[in-house]
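Everything below belongs to my_file02.cif, which stores mmCIF, C-alpha atoms.
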data_run
#
loop_
_atom_site.label_atom_id
_atom_site.label_comp_id
_atom_site.auth_asym_id
_atom_site.auth_seq_id
_atom_site.Cartn_x
_atom_site.Cartn_y
_atom_site.Cartn_z
CA MET A 243 55.66 137.40 43.56
CA SER A 244 56.11 133.74 44.51
CA ARG A 245 59.83 134.03 45.20
CA PRO A 246 59.52 136.08 48.46
CA THR A 247 56.91 133.65 49.74
CA ASN A 248 59.19 130.68 49.08
CA THR A 249 62.05 132.47 50.82
CA ARG A 250 59.96 133.08 53.92
CA ARG A 251 58.87 129.44 54.00
CA THR A 252 62.46 128.26 53.72
CA ALA A 253 63.58 130.57 56.53
CA ARG A 254 60.72 129.38 58.72
CA ARG A 255 61.61 125.75 58.14
CA LEU A 256 65.25 126.44 59.03
CA THR A 257 64.18 128.16 62.23
CA ILE A 258 61.98 125.24 63.25
CA ALA A 259 64.71 122.72 62.44
CA THR A 260 67.28 124.69 64.47
CA ALA A 261 64.96 124.91 67.47
CA ALA A 262 64.22 121.18 67.31
CA THR A 263 67.94 120.38 67.16
CA ALA A 264 68.67 122.63 70.13
CA ALA A 265 65.87 121.00 72.15
CA ALA A 266 67.19 117.52 71.32
CA VAL A 267 70.67 118.52 72.46
CA LEU A 268 69.35 119.92 75.72
CA LEU A 269 67.30 116.79 76.41
CA SER A 270 70.21 114.48 75.66
CA THR A 271 72.61 116.37 77.92
CA GLY A 272 70.13 117.04 80.72
CA PRO A 273 70.83 113.94 82.87
CA ALA A 274 74.59 114.61 82.84
CA ALA A 275 74.01 118.09 84.25
CA ALA A 276 73.12 116.64 87.64
CA HIS A 277 75.96 115.27 89.72
CA VAL A 278 77.41 115.06 93.24
CA GLU A 279 79.24 118.08 94.59
CA VAL A 280 81.79 118.03 97.42
CA GLU A 281 83.28 120.90 99.40
CA SER A 282 85.03 121.69 102.67
CA GLU A 283 86.12 124.85 104.47
CA LYS A 284 89.33 123.08 105.55
CA ALA A 285 90.30 121.57 102.20
CA GLN A 286 94.01 121.51 103.01
CA ALA A 287 96.45 118.62 102.89
CA LEU A 288 97.18 117.08 106.32
CA ALA A 289 94.40 119.10 107.98
CA GLU A 290 92.81 117.27 110.91
CA ASN A 291 89.17 116.72 111.91
CA VAL A 292 87.89 118.05 108.60
CA GLU A 293 84.18 118.22 107.83
CA VAL A 294 83.49 117.33 104.20
CA SER A 295 80.02 118.12 102.78
CA PHE A 296 78.30 116.40 99.85
CA ASP A 297 75.32 117.47 97.76
CA ALA A 298 73.85 114.60 95.72
CA GLU A 299 71.62 116.23 93.13
CA SER A 300 68.34 114.55 92.23
CA GLU A 301 67.58 113.51 88.68
CA SER A 302 64.05 112.25 89.31
CA SER A 303 60.89 114.16 90.13
CA THR A 304 59.06 111.02 91.26
CA ALA A 305 61.60 108.75 92.97
CA GLY A 306 63.56 109.92 96.00
CA ILE A 307 67.21 109.26 96.88
CA ALA A 308 67.38 106.52 99.54
CA GLU A 309 71.03 105.42 99.61
CA ILE A 310 74.48 106.77 98.80
CA ARG A 311 77.49 104.47 98.60
CA VAL A 312 80.96 106.07 98.52
CA VAL A 313 84.33 104.53 97.69
CA LEU A 314 86.97 106.49 99.60
CA PRO A 315 90.35 107.47 98.15
CA GLU A 316 92.97 104.84 98.97
CA SER A 317 94.76 107.34 101.22
CA ILE A 318 91.76 107.56 103.59
CA ALA A 319 90.84 104.56 105.75
CA PRO A 320 87.13 103.91 106.47
CA ALA A 321 88.00 103.74 110.18
CA ASP A 322 89.14 107.38 110.03
CA VAL A 323 85.75 108.62 108.81
CA ALA A 324 82.77 109.50 111.02
CA TYR A 325 79.24 110.61 110.16
CA GLY A 326 78.42 114.28 110.41
CA GLU A 327 74.88 115.30 109.45
CA GLY A 328 72.39 114.11 106.86
CA PRO A 329 68.72 113.60 106.00
CA LYS A 330 66.48 112.70 108.93
CA GLY A 331 66.67 109.02 109.83
CA TRP A 332 69.74 108.28 107.72
CA LYS A 333 72.48 106.11 109.19
CA PHE A 334 76.18 105.69 108.45
CA THR A 335 77.87 102.31 107.91
CA ALA A 336 81.58 101.80 107.21
CA ASN A 337 82.56 99.34 104.44
CA ASP A 338 85.84 97.72 103.46
CA ASP A 339 86.58 100.44 100.91
CA GLY A 340 84.36 103.31 102.03
CA TYR A 341 80.95 103.86 103.58
CA THR A 342 77.20 103.89 102.98
CA VAL A 343 74.63 106.41 104.19
CA LYS A 344 70.97 105.52 103.78
CA GLY A 345 67.55 105.82 105.34
CA PRO A 346 64.05 107.09 104.56
CA ALA A 347 64.08 108.47 101.03
CA VAL A 348 64.08 112.20 100.49
CA LYS A 349 61.25 113.58 98.35
CA GLY A 350 61.44 113.22 94.58
CA GLY A 351 63.35 116.08 93.02
CA VAL A 352 65.07 116.98 96.31
CA ASN A 353 68.85 116.74 96.70
CA ALA A 354 70.37 114.56 99.40
CA GLU A 355 72.83 116.58 101.47
CA TYR A 356 75.09 115.07 104.13
CA SER A 357 78.54 115.45 105.66
CA ILE A 358 81.34 113.33 107.09
CA VAL A 359 84.29 114.12 109.36
CA VAL A 360 87.74 112.89 108.30
CA ARG A 361 90.32 112.45 111.05
CA GLN A 362 93.08 113.76 108.78
CA LEU A 363 93.24 114.54 105.09
CA PRO A 364 96.17 112.95 103.23
CA ASP A 365 99.06 114.83 101.66
CA ALA A 366 97.54 115.09 98.19
CA LYS A 367 96.39 117.67 95.65
CA GLU A 368 92.89 116.29 95.17
CA LEU A 369 90.62 113.53 96.43
CA ALA A 370 88.03 111.66 94.34
CA PHE A 371 84.99 110.20 96.12
CA LYS A 372 83.39 107.69 93.74
CA THR A 373 79.65 107.73 94.47
CA LEU A 374 76.72 105.41 93.74
CA GLN A 375 73.38 107.16 94.22
CA THR A 376 70.30 104.90 94.51
CA TYR A 377 66.63 105.91 94.18
CA THR A 378 63.48 104.27 95.53
CA ASP A 379 62.60 102.93 92.07
CA GLY A 380 65.85 100.94 91.98
CA ARG A 381 67.72 103.27 89.68
CA THR A 382 71.40 103.88 90.51
CA ASP A 383 73.46 106.79 89.21
CA ARG A 384 77.17 105.91 89.14
CA TRP A 385 79.28 109.03 89.62
CA ILE A 386 82.60 107.22 89.37
CA GLU A 387 84.50 108.59 86.36
CA LEU A 388 87.83 110.20 87.21
CA ASP A 389 87.71 112.32 84.05
CA GLU A 390 86.01 115.59 84.99
CA SER A 391 84.80 116.00 81.41
CA GLY A 392 83.08 112.59 81.48
CA GLU A 393 79.32 112.07 81.53
CA GLN A 394 79.31 110.82 85.14
CA PRO A 395 82.34 112.35 86.90
CA ALA A 396 83.15 111.48 90.50
CA PRO A 397 83.04 114.36 92.98
CA VAL A 398 86.58 115.69 93.49
CA LEU A 399 87.80 117.77 96.43
CA LYS A 400 90.73 120.04 95.57
CA LEU A 401 93.27 120.49 98.38
CA THR A 402 95.67 123.32 99.05
CA ALA A 403 99.25 122.62 100.12
CA ALA A 404 99.87 121.42 103.67
CA ALA A 405 100.70 123.98 106.34
CA ALA A 406 104.34 124.39 107.31
CA GLY A 407 105.35 121.73 109.82
CA ALA A 408 102.21 119.64 109.32
CA LYS A 409 102.80 115.91 109.69
CA SER A 410 100.80 112.77 109.06
CA ALA A 411 99.17 111.53 112.27
CA SER A 412 99.10 107.91 111.17
CA PRO A 413 100.49 105.68 108.39
CA THR A 414 98.45 105.21 105.25
CA PRO A 415 96.39 101.99 104.86
CA SER A 416 99.02 100.57 102.48
CA GLU A 417 101.80 101.23 105.00
CA THR A 418 99.76 99.59 107.75
CA ALA A 419 99.17 96.50 105.62
CA SER A 420 102.89 96.31 104.81
CA GLN A 421 103.84 96.50 108.48
CA SER A 422 101.33 93.77 109.35
CA ALA A 423 102.68 91.50 106.62
CA SER A 424 106.35 92.09 107.60
CA PRO A 425 106.82 92.23 111.39
CA SER A 426 109.91 93.96 112.72
CA ALA A 427 113.00 91.80 113.18
CA GLU A 428 113.48 93.30 116.63
CA GLU A 429 110.09 92.05 117.80
CA PRO A 430 110.59 88.83 119.79
CA GLU A 431 108.73 85.81 118.52
CA PRO A 432 106.25 84.32 121.02
CA SER A 433 107.62 81.29 122.85
CA SER A 434 105.53 78.30 123.89
CA SER A 435 104.70 77.58 127.51
CA PRO A 436 107.44 75.78 129.50
CA VAL A 437 104.82 73.30 130.71
CA ALA A 438 103.78 72.54 127.15
CA GLU A 439 107.42 72.07 126.14
CA ALA A 440 107.98 69.57 128.95
CA GLU A 441 104.87 67.56 128.05
CA THR A 442 105.59 67.46 124.33
CA LYS A 443 109.36 66.96 124.48
CA ASP A 444 110.47 63.74 122.79
CA ASP A 445 114.15 62.88 123.44
CA GLY A 446 113.94 59.09 123.40
CA GLY A 447 112.85 58.81 127.07
CA LEU A 448 109.62 59.13 129.01
CA SER A 449 108.00 62.47 129.71
CA SER A 450 107.72 63.85 133.23
CA GLY A 451 103.99 63.01 133.22
CA ALA A 452 104.74 59.35 132.52
CA TRP A 453 107.30 59.16 135.37
CA ILE A 454 104.78 60.65 137.79
CA GLY A 455 102.23 58.01 136.80
CA ILE A 456 104.72 55.17 137.30
CA GLY A 457 105.66 56.50 140.72
CA ALA A 458 102.03 56.58 141.79
CA VAL A 459 101.53 52.95 140.71
CA VAL A 460 104.61 51.86 142.68
CA VAL A 461 103.40 53.61 145.83
CA VAL A 462 99.96 52.00 145.59
CA ALA A 463 101.46 48.56 144.99
CA ALA A 464 103.83 48.89 147.97
CA GLY A 465 101.00 49.94 150.24
CA GLY A 466 98.91 46.94 149.16
CA ALA A 467 101.74 44.50 149.80
CA PHE A 468 102.39 45.96 153.25
CA TYR A 469 98.68 45.59 154.12
CA LEU A 470 98.64 41.90 153.06
CA VAL A 471 101.77 41.10 155.07
CA ARG A 472 100.32 42.62 158.25
CA ARG A 473 97.02 40.78 157.77
CA ARG A 474 98.72 37.38 157.34
CA GLY A 475 100.87 37.99 160.43
CA ALA A 476 97.81 38.79 162.53
CA ALA A 477 96.00 35.65 161.29
CA SER A 478 98.92 33.31 162.16
CA ALA A 479 99.19 34.80 165.64
#
Kindly return the structure encoded in the file as structure tokens.
Amino acid sequence: MSRPTNTRRTARRLTIATAATAAAVLLSTGPAAAHVEVESEKAQALAENVEVSFDAESESSTAGIAEIRVVLPESIAPADVAYGEGPKGWKFTANDDGYTVKGPAVKGGVNAEYSIVVRQLPDAKELAFKTLQTYTDGRTDRWIELDESGEQPAPVLKLTAAAAGAKSASPTPSETASQSASPSAEEPEPSSSPVAEAETKDDGGLSSGAWIGIGAVVVVAAGGAFYLVRRRGAASA
């Protein structure tokens, strides 16, 4: 009669062990479940004035999200991005490689939702917006991995193909930098002022300024000599 009892005990232990293992797995993967989502109704390559919305999910029930720092894709310049809407009191600041939105922290456990407006989306299939999400307790979640299966993947916006006839409104940041570094050969080089050239010219003689000074000295000396001659003539008379 002891064998059935032992079998039931063994089955019960296996059930408890399985439940504990499942709970451990859920707890270990819980933080990775939260992330930043991105979406847009005009997610199409070369579309203009596109509103892009973000939903930064909260991972803390006590600390609120107070700042979100985004690194833009290289094909989007920070100057081509404007702030849309966001939590009350939050402000938008452009950076060298992206932007930051921050302000009074949202409540603990509440997602931070905001949007931006992009002047024109690039001709690409997808755009990754690497995001750093900071809480009031100093914790920062780094959603920057480009591998979607990673533990902290960056939010990625999938784009449909560009409309027929759509064109890029402006060169990419890399093209702009290249043009700035290599000016066109047809562009005339700035010439110095003619006055400056005359004053700095050195051809073995005196400059025009020096000749003017000498002439002034000669005129003053001649006037002085003439005055002395007239005074002596008046005295002798």
The PyMOL selection byres ((chain A and resi 360-373) around 6) resolved against shown file, as number ranges by chain: A: 287-292, 311-314, 322-323, 359, 374, 385-386, 396-401
Shortest interatomic distance to Glu309 of chain A - which of A:Gln375, A:Gln394, A:Thr402, A:Thr382, counting all atoms listed in the file: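 Among the listed residues, the smallest separation from Glu309 of chain A belongs to A:Gln375.
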Who sits within 8 Å of Gly326 of chain A, all atoms listed in the file, same chain under 6 positions skipped, as a list in words: Glu293, Tyr356, Ser357, Ile358 and Val359 of chain A
Selection result of the PyMOL selection byres ((chain A and resi 353) around 7) on this file, as a VMD selection string: chain A and resid 297 to 300 351 to 352 354 to 355
Could you turn the residues from that selection into a file that holds C-alpha atoms, as a PDB file, in the frame of the given file?
ATOM      1  CA  ASP A 297      75.320 117.470  97.760  1.00  0.00           C
ATOM      2  CA  ALA A 298      73.850 114.600  95.720  1.00  0.00           C
ATOM      3  CA  GLU A 299      71.620 116.230  93.130  1.00  0.00           C
ATOM      4  CA  SER A 300      68.340 114.550  92.230  1.00  0.00           C
ATOM      5  CA  GLY A 351      63.350 116.080  93.020  1.00  0.00           C
ATOM      6  CA  VAL A 352      65.070 116.980  96.310  1.00  0.00           C
ATOM      7  CA  ALA A 354      70.370 114.560  99.400  1.00  0.00           C
ATOM      8  CA  GLU A 355      72.830 116.580 101.470  1.00  0.00           C
TER       9      GLU A 355
END
Atom pair atom CA of Glu387 of chain A / atom CA of Ser317 of chain A: separation (Å):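 Separation between atom CA of Glu387 of chain A and atom CA of Ser317 of chain A: 18.1 Å.
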Answer key for the PyMOL selection byres ((chain A and resi 406) around 12), residues as number ranges by chain: A: 286-289, 403-405, 407-409
Between atom CA of Ala347 of chain A and atom CA of Ser302 of chain A - distance in Å to one decimal: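 Result for atom CA of Ser302 of chain A versus atom CA of Ala347 of chain A: 12.3 Å, one decimal.
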Atomic distance atom CA of Lys330 of chain A - atom CA of His277 of chain A, expressed in Å with one decimal: 21.6 Å
Of the listed residues A:Thr304, A:Ser410, A:Ser282, A:Thr342, that which approaches Tyr325 of chain A most closely, counting only C-alpha atoms: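 Checking each candidate against Tyr325 of chain A, we get A:Thr342 as the closest.
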Edge lengths and centre, in Å to one decimal, as JSON: that's what I need for the box along x, y and z that holds all listed atoms of segment 329-343 of chain A plus 4 Å on each side.
{"center_x": 76.5, "center_y": 105.7, "center_z": 105.4, "size_x": 28.1, "size_y": 23.9, "size_z": 16.9}
Nearest-residue call for Arg384 of chain A, choices A:Val280, A:Val294, A:Ile310, A:Ala305, using all atoms listed in the file: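 Ranked by minimum distance to Arg384 of chain A, first place goes to A:Ile310.
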